[in-house]
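One file, coords.csv, carrying CSV, C-alpha atoms:
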```csv
chain,number,residue,atom,x,y,z
Z,405,MET,CA,-32.9,63.0,26.1
Z,406,PRO,CA,-35.8,60.9,24.9
Z,407,THR,CA,-38.4,59.9,27.4
Z,408,GLU,CA,-39.9,56.5,27.6
Z,409,SER,CA,-43.5,56.1,26.7
Z,410,ILE,CA,-45.8,53.3,27.5
Z,411,PRO,CA,-47.9,52.2,24.5
Z,412,SER,CA,-51.6,52.7,24.9
Z,413,GLU,CA,-54.1,49.8,24.6
Z,414,GLU,CA,-55.0,51.1,21.1
Z,415,ASP,CA,-51.4,51.0,19.9
Z,416,ILE,CA,-51.0,47.4,21.3
Z,417,LEU,CA,-54.2,46.3,19.5
Z,418,LEU,CA,-53.2,47.9,16.3
Z,419,PHE,CA,-49.7,46.3,16.4
Z,420,ARG,CA,-51.2,42.8,17.1
Z,421,THR,CA,-53.7,43.0,14.3
Z,422,THR,CA,-51.0,44.3,11.8
Z,423,ALA,CA,-48.3,41.7,12.8
Z,424,GLY,CA,-50.7,38.7,13.0
Z,425,PRO,CA,-50.0,35.6,15.0
Z,426,VAL,CA,-46.5,35.3,16.4
Z,427,ILE,CA,-44.5,32.0,16.6
Z,428,PRO,CA,-41.8,32.0,19.2
Z,429,VAL,CA,-38.2,31.4,17.8
Z,430,ARG,CA,-36.4,28.5,19.4
Z,431,GLN,CA,-32.9,29.7,18.3
Z,432,ASP,CA,-31.1,32.4,20.2
Z,433,THR,CA,-28.1,32.8,17.8
Z,434,VAL,CA,-28.0,35.3,14.9
Z,435,ALA,CA,-27.2,34.0,11.5
Z,436,GLY,CA,-24.6,36.4,10.1
Z,437,ARG,CA,-22.7,36.4,6.9
Z,438,ALA,CA,-19.8,34.0,6.5
Z,439,VAL,CA,-16.5,35.4,7.7
Z,440,ILE,CA,-13.7,34.7,5.3
Z,441,LYS,CA,-10.5,33.8,7.2
Z,442,PRO,CA,-7.3,34.9,5.6
Z,443,GLN,CA,-5.0,32.1,4.4
Z,444,PRO,CA,-2.0,31.5,6.7
Z,445,VAL,CA,1.3,32.8,5.5
Z,446,PRO,CA,4.0,30.1,5.5
Z,447,LEU,CA,6.8,32.4,6.9
Z,448,GLN,CA,9.3,29.6,7.5
Z,449,SER,CA,8.9,28.3,3.9
Z,450,LEU,CA,9.3,31.8,2.5
Z,451,ALA,CA,12.5,32.3,4.6
Z,452,ASP,CA,13.8,28.9,3.5
Z,453,ASN,CA,13.2,29.8,-0.2
Z,454,ARG,CA,15.0,33.1,0.2
Z,455,LEU,CA,17.9,31.4,1.8
Z,456,VAL,CA,18.2,28.8,-1.0
Z,457,LEU,CA,18.0,31.6,-3.6
Z,458,MET,CA,20.7,33.5,-1.8
Z,459,GLU,CA,23.0,30.4,-1.6
Z,460,MET,CA,22.4,29.6,-5.2
Z,461,SER,CA,23.3,33.1,-6.4
Z,462,THR,CA,26.4,33.6,-4.1
Z,463,GLY,CA,27.9,30.1,-4.0
Z,464,PRO,CA,30.7,28.9,-6.3
Z,465,PHE,CA,29.5,27.4,-9.6
Z,466,ASN,CA,30.5,23.7,-10.1
Z,467,PRO,CA,29.0,22.2,-13.2
Z,468,ASP,CA,29.9,18.6,-12.1
Z,469,ILE,CA,27.4,18.7,-9.3
Z,470,LEU,CA,24.5,20.0,-11.4
Z,471,GLU,CA,21.7,17.6,-11.9
Z,472,THR,CA,19.8,17.8,-15.2
Z,473,GLY,CA,16.7,16.1,-13.8
Z,474,ASP,CA,15.4,13.6,-11.3
Z,475,GLU,CA,15.5,10.6,-13.7
Z,476,LEU,CA,18.5,8.7,-14.9
Z,477,GLN,CA,18.4,6.8,-18.2
Z,478,TYR,CA,21.0,5.5,-20.7
Z,479,ARG,CA,21.1,2.9,-23.4
Z,480,ARG,CA,23.9,1.8,-25.7
Z,481,ASP,CA,23.5,1.9,-29.4
Z,482,GLY,CA,21.7,-1.2,-30.7
Z,483,VAL,CA,19.4,-1.6,-27.7
Z,484,GLN,CA,15.9,-1.8,-29.2
Z,485,ASP,CA,13.2,0.7,-28.3
Z,486,ARG,CA,10.9,-2.1,-27.3
Z,487,LEU,CA,13.4,-3.7,-24.9
Z,488,PHE,CA,14.3,-0.3,-23.3
Z,489,ARG,CA,10.5,0.5,-22.9
Z,490,LYS,CA,10.1,-2.9,-21.1
Z,491,LEU,CA,13.0,-2.0,-18.8
Z,492,ARG,CA,11.5,1.5,-18.0
Z,493,THR,CA,8.0,0.1,-17.3
Z,494,GLY,CA,9.3,-2.7,-15.1
Z,495,GLN,CA,8.2,-5.5,-17.4
Z,496,ILE,CA,11.6,-7.3,-17.1
Z,497,ARG,CA,11.9,-9.4,-14.0
Z,498,ILE,CA,14.5,-8.2,-11.5
Z,499,GLN,CA,16.9,-11.0,-10.7
Z,500,ALA,CA,19.1,-9.3,-8.1
Z,501,GLU,CA,19.3,-6.1,-6.0
Z,502,LEU,CA,22.0,-4.0,-4.3
Z,503,ASP,CA,21.3,-1.3,-1.7
Z,504,LEU,CA,23.9,1.5,-1.4
Z,505,HIS,CA,22.3,3.4,1.4
Z,506,GLY,CA,24.8,4.8,3.9
Z,507,LEU,CA,27.9,3.9,1.8
Z,508,SER,CA,30.6,6.4,0.9
Z,509,VAL,CA,31.4,7.0,-2.8
Z,510,VAL,CA,34.5,4.8,-2.6
Z,511,SER,CA,32.7,1.9,-0.9
Z,512,ALA,CA,29.7,2.2,-3.2
Z,513,ARG,CA,31.8,2.0,-6.3
Z,514,THR,CA,33.5,-1.2,-5.0
Z,515,ARG,CA,30.2,-2.7,-4.1
Z,516,VAL,CA,28.7,-1.9,-7.5
Z,517,THR,CA,31.7,-3.4,-9.3
Z,518,GLU,CA,31.6,-6.6,-7.3
Z,519,PHE,CA,27.8,-6.8,-7.6
Z,520,LEU,CA,27.7,-6.5,-11.4
Z,521,THR,CA,30.5,-8.9,-11.8
Z,522,LYS,CA,28.8,-11.5,-9.6
Z,523,CYS,CA,25.5,-10.9,-11.5
Z,524,ARG,CA,27.1,-11.6,-14.9
Z,525,THR,CA,28.7,-14.8,-13.7
Z,526,ARG,CA,25.4,-15.9,-12.3
Z,527,GLU,CA,23.6,-14.9,-15.5
Z,528,ARG,CA,21.5,-12.2,-13.8
Z,529,ASN,CA,20.7,-9.8,-16.6
Z,530,CYS,CA,18.2,-7.4,-15.1
Z,531,VAL,CA,19.1,-5.9,-11.6
Z,532,ARG,CA,18.1,-3.1,-9.4
Z,533,ILE,CA,20.5,-0.8,-7.7
Z,534,ILE,CA,19.1,1.4,-4.9
Z,535,HIS,CA,21.2,4.5,-4.6
Z,536,GLY,CA,18.8,6.6,-2.5
Z,537,LYS,CA,17.6,10.1,-3.1
Z,538,GLY,CA,20.4,11.9,-1.3
Z,539,LEU,CA,18.2,13.3,1.5
Z,540,GLY,CA,20.8,12.3,4.1
Z,541,SER,CA,23.7,13.6,2.1
Z,542,ILE,CA,25.5,16.9,2.7
Z,543,ASN,CA,23.3,19.6,1.2
Z,544,GLY,CA,20.7,16.9,0.4
Z,545,GLU,CA,22.3,16.3,-3.0
Z,546,PRO,CA,22.1,12.8,-4.5
Z,547,ILE,CA,25.9,12.2,-4.8
Z,548,LEU,CA,25.7,8.4,-5.2
Z,549,LYS,CA,23.0,8.8,-7.9
Z,550,LYS,CA,25.2,11.0,-10.0
Z,551,GLN,CA,28.2,8.9,-9.6
Z,552,LEU,CA,26.3,5.6,-10.3
Z,553,GLY,CA,25.2,7.0,-13.7
Z,554,ARG,CA,28.8,7.7,-14.7
Z,555,TRP,CA,30.0,4.3,-13.4
Z,556,LEU,CA,27.4,2.4,-15.3
Z,557,GLN,CA,28.0,4.2,-18.6
Z,558,ARG,CA,31.7,3.3,-18.5
Z,559,ARG,CA,31.0,-0.5,-18.1
Z,560,ASN,CA,30.9,-2.5,-21.3
Z,561,ASP,CA,28.6,-5.1,-19.7
Z,562,VAL,CA,25.8,-2.5,-19.1
Z,563,LEU,CA,23.4,-2.3,-22.0
Z,564,ALA,CA,21.0,0.2,-20.5
Z,565,TYR,CA,19.7,1.6,-17.2
Z,566,CYS,CA,16.9,3.8,-16.2
Z,567,THR,CA,15.1,5.2,-13.1
Z,568,ALA,CA,12.9,2.6,-11.4
Z,569,ARG,CA,9.1,2.7,-11.2
Z,570,PRO,CA,7.8,4.4,-8.0
Z,571,ALA,CA,6.8,0.9,-6.6
Z,572,ASP,CA,10.5,-0.2,-6.9
Z,573,GLY,CA,12.1,2.9,-5.5
Z,574,GLY,CA,11.4,5.6,-8.0
Z,575,THR,CA,14.1,8.3,-8.4
Z,576,GLY,CA,16.0,6.5,-5.6
Z,577,ALA,CA,16.8,3.4,-7.7
Z,578,VAL,CA,17.7,2.3,-11.2
Z,579,TYR,CA,17.0,-0.8,-13.2
Z,580,VAL,CA,20.2,-2.1,-15.0
Z,581,LEU,CA,20.2,-4.3,-18.0
Z,582,LEU,CA,23.3,-6.4,-18.4
Z,583,LYS,CA,24.7,-8.2,-21.4
Z,584,LYS,CA,24.0,-11.9,-21.5
Z,585,THR,CA,26.9,-14.2,-21.0
Z,586,PHE,CA,27.3,-17.0,-23.5
```
Now that the file is in, can you turn its structure into C-alpha coordinates?
Amino acid sequence: MPTESIPSEEDILLFRTTAGPVIPVRQDTVAGRAVIKPQPVPLQSLADNRLVLMEMSTGPFNPDILETGDELQYRRDGVQDRLFRKLRTGQIRIQAELDLHGLSVVSARTRVTEFLTKCRTRERNCVRIIHGKGLGSINGEPILKKQLGRWLQRRNDVLAYCTARPADGGTGAVYVLLKKTF
(Lines of atoms letter the chains of each structure in order from A and count residues from 1; the text may use other names and numbers.)
(Lines give C-alpha, C1' and ligand atoms only; values in the text may rest on other atoms or scores of the structure.)
Protein backbone atom coordinates (compact mmCIF):
# COMPACT_ATOMS: atom_id res chain seq x y z
CA MET A 1 0.00 0.00 0.00
CA PRO A 2 1.58 3.30 -1.07
CA THR A 3 2.24 5.90 1.55
CA GLU A 4 1.47 9.58 1.07
CA SER A 5 4.39 11.88 0.99
CA ILE A 6 4.34 15.61 1.43
CA PRO A 7 6.45 17.39 -1.20
CA SER A 8 9.46 19.24 0.06
CA GLU A 9 10.00 22.98 -0.45
CA GLU A 10 12.58 22.16 -3.13
CA ASP A 11 10.09 20.01 -5.07
CA ILE A 12 7.43 22.73 -4.90
CA LEU A 13 9.88 25.38 -6.16
CA LEU A 14 11.09 23.09 -8.96
CA PHE A 15 7.48 22.40 -10.04
CA ARG A 16 6.52 26.10 -10.09
CA THR A 17 9.55 27.16 -12.13
CA THR A 18 9.00 24.32 -14.60
CA ALA A 19 5.22 24.85 -14.98
CA GLY A 20 5.38 28.63 -15.20
CA PRO A 21 2.55 30.98 -14.36
CA VAL A 22 -0.83 29.32 -13.87
CA ILE A 23 -4.18 30.74 -15.05
CA PRO A 24 -7.22 29.43 -13.22
CA VAL A 25 -9.80 27.63 -15.40
CA ARG A 26 -13.33 28.99 -15.12
CA GLN A 27 -15.00 25.92 -16.60
CA ASP A 28 -15.67 22.87 -14.52
CA THR A 29 -16.87 20.51 -17.28
CA VAL A 30 -14.73 18.15 -19.27
CA ALA A 31 -14.80 18.36 -23.02
CA GLY A 32 -15.07 14.81 -24.23
CA ARG A 33 -15.47 13.33 -27.65
CA ALA A 34 -18.89 13.48 -29.28
CA VAL A 35 -21.14 10.58 -28.51
CA ILE A 36 -22.85 9.19 -31.59
CA LYS A 37 -26.38 8.24 -30.72
CA PRO A 38 -27.81 5.28 -32.63
CA GLN A 39 -30.68 6.03 -35.01
CA PRO A 40 -34.10 4.99 -33.69
CA VAL A 41 -35.54 1.82 -35.17
CA PRO A 42 -39.08 2.37 -36.52
CA LEU A 43 -40.48 -0.88 -35.15
CA GLN A 44 -44.12 -0.11 -35.97
CA SER A 45 -43.31 0.84 -39.58
CA LEU A 46 -41.30 -2.35 -40.02
CA ALA A 47 -44.17 -4.40 -38.59
CA ASP A 48 -46.66 -2.64 -40.91
CA ASN A 49 -44.45 -3.32 -43.94
CA ARG A 50 -44.17 -7.01 -43.02
CA LEU A 51 -47.96 -7.22 -42.65
CA VAL A 52 -48.53 -5.59 -46.05
CA LEU A 53 -46.06 -7.96 -47.71
CA MET A 54 -47.74 -10.95 -46.07
CA GLU A 55 -51.21 -9.78 -47.18
CA MET A 56 -49.96 -9.19 -50.71
CA SER A 57 -48.44 -12.64 -50.98
CA THR A 58 -51.30 -14.60 -49.41
CA GLY A 59 -54.41 -12.72 -50.60
CA PRO A 60 -56.40 -13.60 -53.73
CA PHE A 61 -55.20 -12.04 -56.97
CA ASN A 62 -57.72 -9.78 -58.67
CA PRO A 63 -56.32 -7.96 -61.73
CA ASP A 64 -59.29 -5.55 -61.83
CA ILE A 65 -58.20 -3.81 -58.63
CA LEU A 66 -54.57 -3.34 -59.65
CA GLU A 67 -53.50 0.23 -60.18
CA THR A 68 -50.84 0.81 -62.78
CA GLY A 69 -49.80 4.14 -61.30
CA ASP A 70 -50.98 7.17 -59.41
CA GLU A 71 -51.76 9.26 -62.47
CA LEU A 72 -54.70 8.92 -64.81
CA GLN A 73 -54.53 10.09 -68.40
CA TYR A 74 -56.34 9.36 -71.61
CA ARG A 75 -56.93 11.09 -74.91
CA ARG A 76 -58.89 10.13 -77.97
CA ASP A 77 -57.27 9.83 -81.37
CA GLY A 78 -57.09 13.24 -82.97
CA VAL A 79 -56.52 15.26 -79.79
CA GLN A 80 -53.43 17.33 -80.53
CA ASP A 81 -50.31 17.03 -78.38
CA ARG A 82 -50.34 20.77 -77.71
CA LEU A 83 -53.96 20.74 -76.48
CA PHE A 84 -53.33 17.72 -74.26
CA ARG A 85 -50.17 19.36 -72.83
CA LYS A 86 -52.22 22.47 -71.99
CA LEU A 87 -54.77 20.29 -70.21
CA ARG A 88 -52.06 18.47 -68.21
CA THR A 89 -50.36 21.70 -67.16
CA GLY A 90 -53.59 23.39 -66.12
CA GLN A 91 -53.45 26.05 -68.83
CA ILE A 92 -57.09 25.57 -69.80
CA ARG A 93 -59.56 27.38 -67.54
CA ILE A 94 -61.72 25.08 -65.42
CA GLN A 95 -65.36 25.99 -66.01
CA ALA A 96 -67.09 23.59 -63.58
CA GLU A 97 -66.26 21.17 -60.79
CA LEU A 98 -67.74 18.03 -59.23
CA ASP A 99 -66.67 16.54 -55.88
CA LEU A 100 -67.33 12.82 -55.39
CA HIS A 101 -66.01 12.52 -51.82
CA GLY A 102 -68.13 10.23 -49.67
CA LEU A 103 -70.25 8.85 -52.52
CA SER A 104 -70.79 5.18 -53.29
CA VAL A 105 -69.77 3.89 -56.72
CA VAL A 106 -73.39 3.84 -57.92
CA SER A 107 -74.11 7.37 -56.67
CA ALA A 108 -70.83 8.66 -58.08
CA ARG A 109 -71.58 7.25 -61.54
CA THR A 110 -75.00 8.89 -61.57
CA ARG A 111 -73.53 12.22 -60.46
CA VAL A 112 -70.76 12.07 -63.09
CA THR A 113 -73.26 11.32 -65.85
CA GLU A 114 -75.57 14.16 -64.78
CA PHE A 115 -72.66 16.57 -64.31
CA LEU A 116 -71.10 15.93 -67.72
CA THR A 117 -74.46 16.15 -69.48
CA LYS A 118 -75.20 19.48 -67.75
CA CYS A 119 -71.71 20.78 -68.63
CA ARG A 120 -72.20 19.97 -72.31
CA THR A 121 -75.56 21.76 -72.44
CA ARG A 122 -74.03 24.80 -70.73
CA GLU A 123 -70.99 24.70 -73.05
CA ARG A 124 -68.52 23.97 -70.27
CA ASN A 125 -65.64 22.23 -72.06
CA CYS A 126 -62.98 21.90 -69.37
CA VAL A 127 -64.06 20.57 -65.97
CA ARG A 128 -62.48 19.10 -62.87
CA ILE A 129 -63.78 16.02 -61.11
CA ILE A 130 -62.49 15.39 -57.60
CA HIS A 131 -62.55 11.67 -56.90
CA GLY A 132 -60.29 11.61 -53.82
CA LYS A 133 -57.25 9.48 -53.15
CA GLY A 134 -59.13 6.59 -51.57
CA LEU A 135 -57.63 7.05 -48.11
CA GLY A 136 -61.07 6.62 -46.53
CA SER A 137 -61.99 3.58 -48.65
CA ILE A 138 -61.80 -0.03 -47.57
CA ASN A 139 -58.12 -1.04 -47.66
CA GLY A 140 -57.29 2.56 -48.61
CA GLU A 141 -57.72 1.81 -52.32
CA PRO A 142 -58.90 4.54 -54.71
CA ILE A 143 -62.04 2.76 -55.92
CA LEU A 144 -63.77 5.84 -57.41
CA LYS A 145 -60.57 6.88 -59.16
CA LYS A 146 -60.33 3.58 -61.03
CA GLN A 147 -64.00 3.54 -61.91
CA LEU A 148 -63.98 7.17 -63.05
CA GLY A 149 -61.23 6.43 -65.57
CA ARG A 150 -63.33 3.63 -67.07
CA TRP A 151 -66.51 5.70 -67.16
CA LEU A 152 -64.84 8.66 -68.87
CA GLN A 153 -63.23 6.51 -71.56
CA ARG A 154 -66.62 5.06 -72.50
CA ARG A 155 -68.22 8.47 -73.06
CA ASN A 156 -68.16 9.83 -76.59
CA ASP A 157 -68.24 13.43 -75.37
CA VAL A 158 -64.94 13.07 -73.45
CA LEU A 159 -61.96 14.01 -75.59
CA ALA A 160 -59.30 13.62 -72.91
CA TYR A 161 -58.65 13.55 -69.19
CA CYS A 162 -55.60 13.61 -66.95
CA THR A 163 -54.57 13.90 -63.33
CA ALA A 164 -54.82 17.44 -62.02
CA ARG A 165 -51.88 19.58 -60.95
CA PRO A 166 -51.06 19.39 -57.21
CA ALA A 167 -52.62 22.84 -56.65
CA ASP A 168 -55.91 21.53 -58.08
CA GLY A 169 -56.06 18.21 -56.22
CA GLY A 170 -53.16 16.23 -57.67
CA THR A 171 -53.76 12.49 -57.82
CA GLY A 172 -57.14 13.03 -56.14
CA ALA A 173 -58.68 14.85 -59.12
CA VAL A 174 -58.80 14.89 -62.91
CA TYR A 175 -59.20 17.53 -65.57
CA VAL A 176 -61.70 16.48 -68.24
CA LEU A 177 -61.85 17.99 -71.73
CA LEU A 178 -65.28 17.70 -73.35
CA LYS A 179 -66.29 18.04 -77.00
CA LYS A 180 -67.64 21.41 -77.91
CA THR A 181 -71.33 21.61 -78.76
CA PHE A 182 -72.28 23.40 -81.95
Excluding region 521-527 of chain Z and any residue of its chain fewer than 2 positions from it, enumerate the residues within 12 Å of it, using only C-alpha atoms, and give them as a short mmCIF file (atom, residue, chain, number, x, y, z; two decimals) with C-alpha atoms, in the coordinates of the input.
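Listing of around.cif after writing:
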```cif
data_model
loop_
_atom_site.label_atom_id
_atom_site.label_comp_id
_atom_site.auth_asym_id
_atom_site.auth_seq_id
_atom_site.Cartn_x
_atom_site.Cartn_y
_atom_site.Cartn_z
CA ILE Z 498 14.50 -8.20 -11.50
CA GLN Z 499 16.90 -11.00 -10.70
CA ALA Z 500 19.10 -9.30 -8.10
CA GLU Z 501 19.30 -6.10 -6.00
CA LEU Z 502 22.00 -4.00 -4.30
CA THR Z 514 33.50 -1.20 -5.00
CA ARG Z 515 30.20 -2.70 -4.10
CA VAL Z 516 28.70 -1.90 -7.50
CA THR Z 517 31.70 -3.40 -9.30
CA GLU Z 518 31.60 -6.60 -7.30
CA PHE Z 519 27.80 -6.80 -7.60
CA ASN Z 529 20.70 -9.80 -16.60
CA CYS Z 530 18.20 -7.40 -15.10
CA VAL Z 531 19.10 -5.90 -11.60
CA ARG Z 532 18.10 -3.10 -9.40
CA ILE Z 533 20.50 -0.80 -7.70
CA ARG Z 559 31.00 -0.50 -18.10
CA ASN Z 560 30.90 -2.50 -21.30
CA ASP Z 561 28.60 -5.10 -19.70
CA VAL Z 562 25.80 -2.50 -19.10
CA VAL Z 580 20.20 -2.10 -15.00
CA LEU Z 581 20.20 -4.30 -18.00
CA LEU Z 582 23.30 -6.40 -18.40
CA LYS Z 583 24.70 -8.20 -21.40
CA LYS Z 584 24.00 -11.90 -21.50
CA THR Z 585 26.90 -14.20 -21.00
CA PHE Z 586 27.30 -17.00 -23.50
#
```
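Separating CA of Ala512 (chain Z) from CA of Gly482 (chain Z) is a distance of 28.8 Å.
For the pair CA of Lys537 (chain Z) and CA of Thr575 (chain Z), the separation is 6.6 Å.
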Gln551 (chain Z) surroundings by only C-alpha atoms, 8 Å radius, close-in-sequence under 4 positions cut, as a PyMOL selection string: chain Z and resi 509+547+555
Resulting file, chosen residues, C-alpha atoms, as a PDB file, in the frame of the given file:
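The resulting file, result_20.pdb, is reproduced below:
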```pdb
ATOM      1  CA  VAL Z 509      31.400   7.000  -2.800  1.00  0.00           C
ATOM      2  CA  ILE Z 547      25.900  12.200  -4.800  1.00  0.00           C
ATOM      3  CA  TRP Z 555      30.000   4.300 -13.400  1.00  0.00           C
TER       4      TRP Z 555
END
```
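Computed from the coordinates, the CA of Tyr478 (chain Z) to CA of Arg528 (chain Z) distance equals 19.0 Å.
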Excluding region 564-566 of chain Z and any residue of its chain fewer than 6 positions from it, enumerate the residues within 7 Å of it, using all atoms listed in the file, and give them as a PyMOL selection string. chain Z and resi 476-480+492+578-581
*asked:* Considering all atoms listed in the file, can you say which of Z:Gly573, Z:Pro446, Z:Arg486, Z:Val426 comes closest to Asp503 (chain Z)?
replied: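 Among Z:Gly573, Z:Pro446, Z:Arg486, Z:Val426, it is Z:Gly573 that comes nearest to Asp503 (chain Z).
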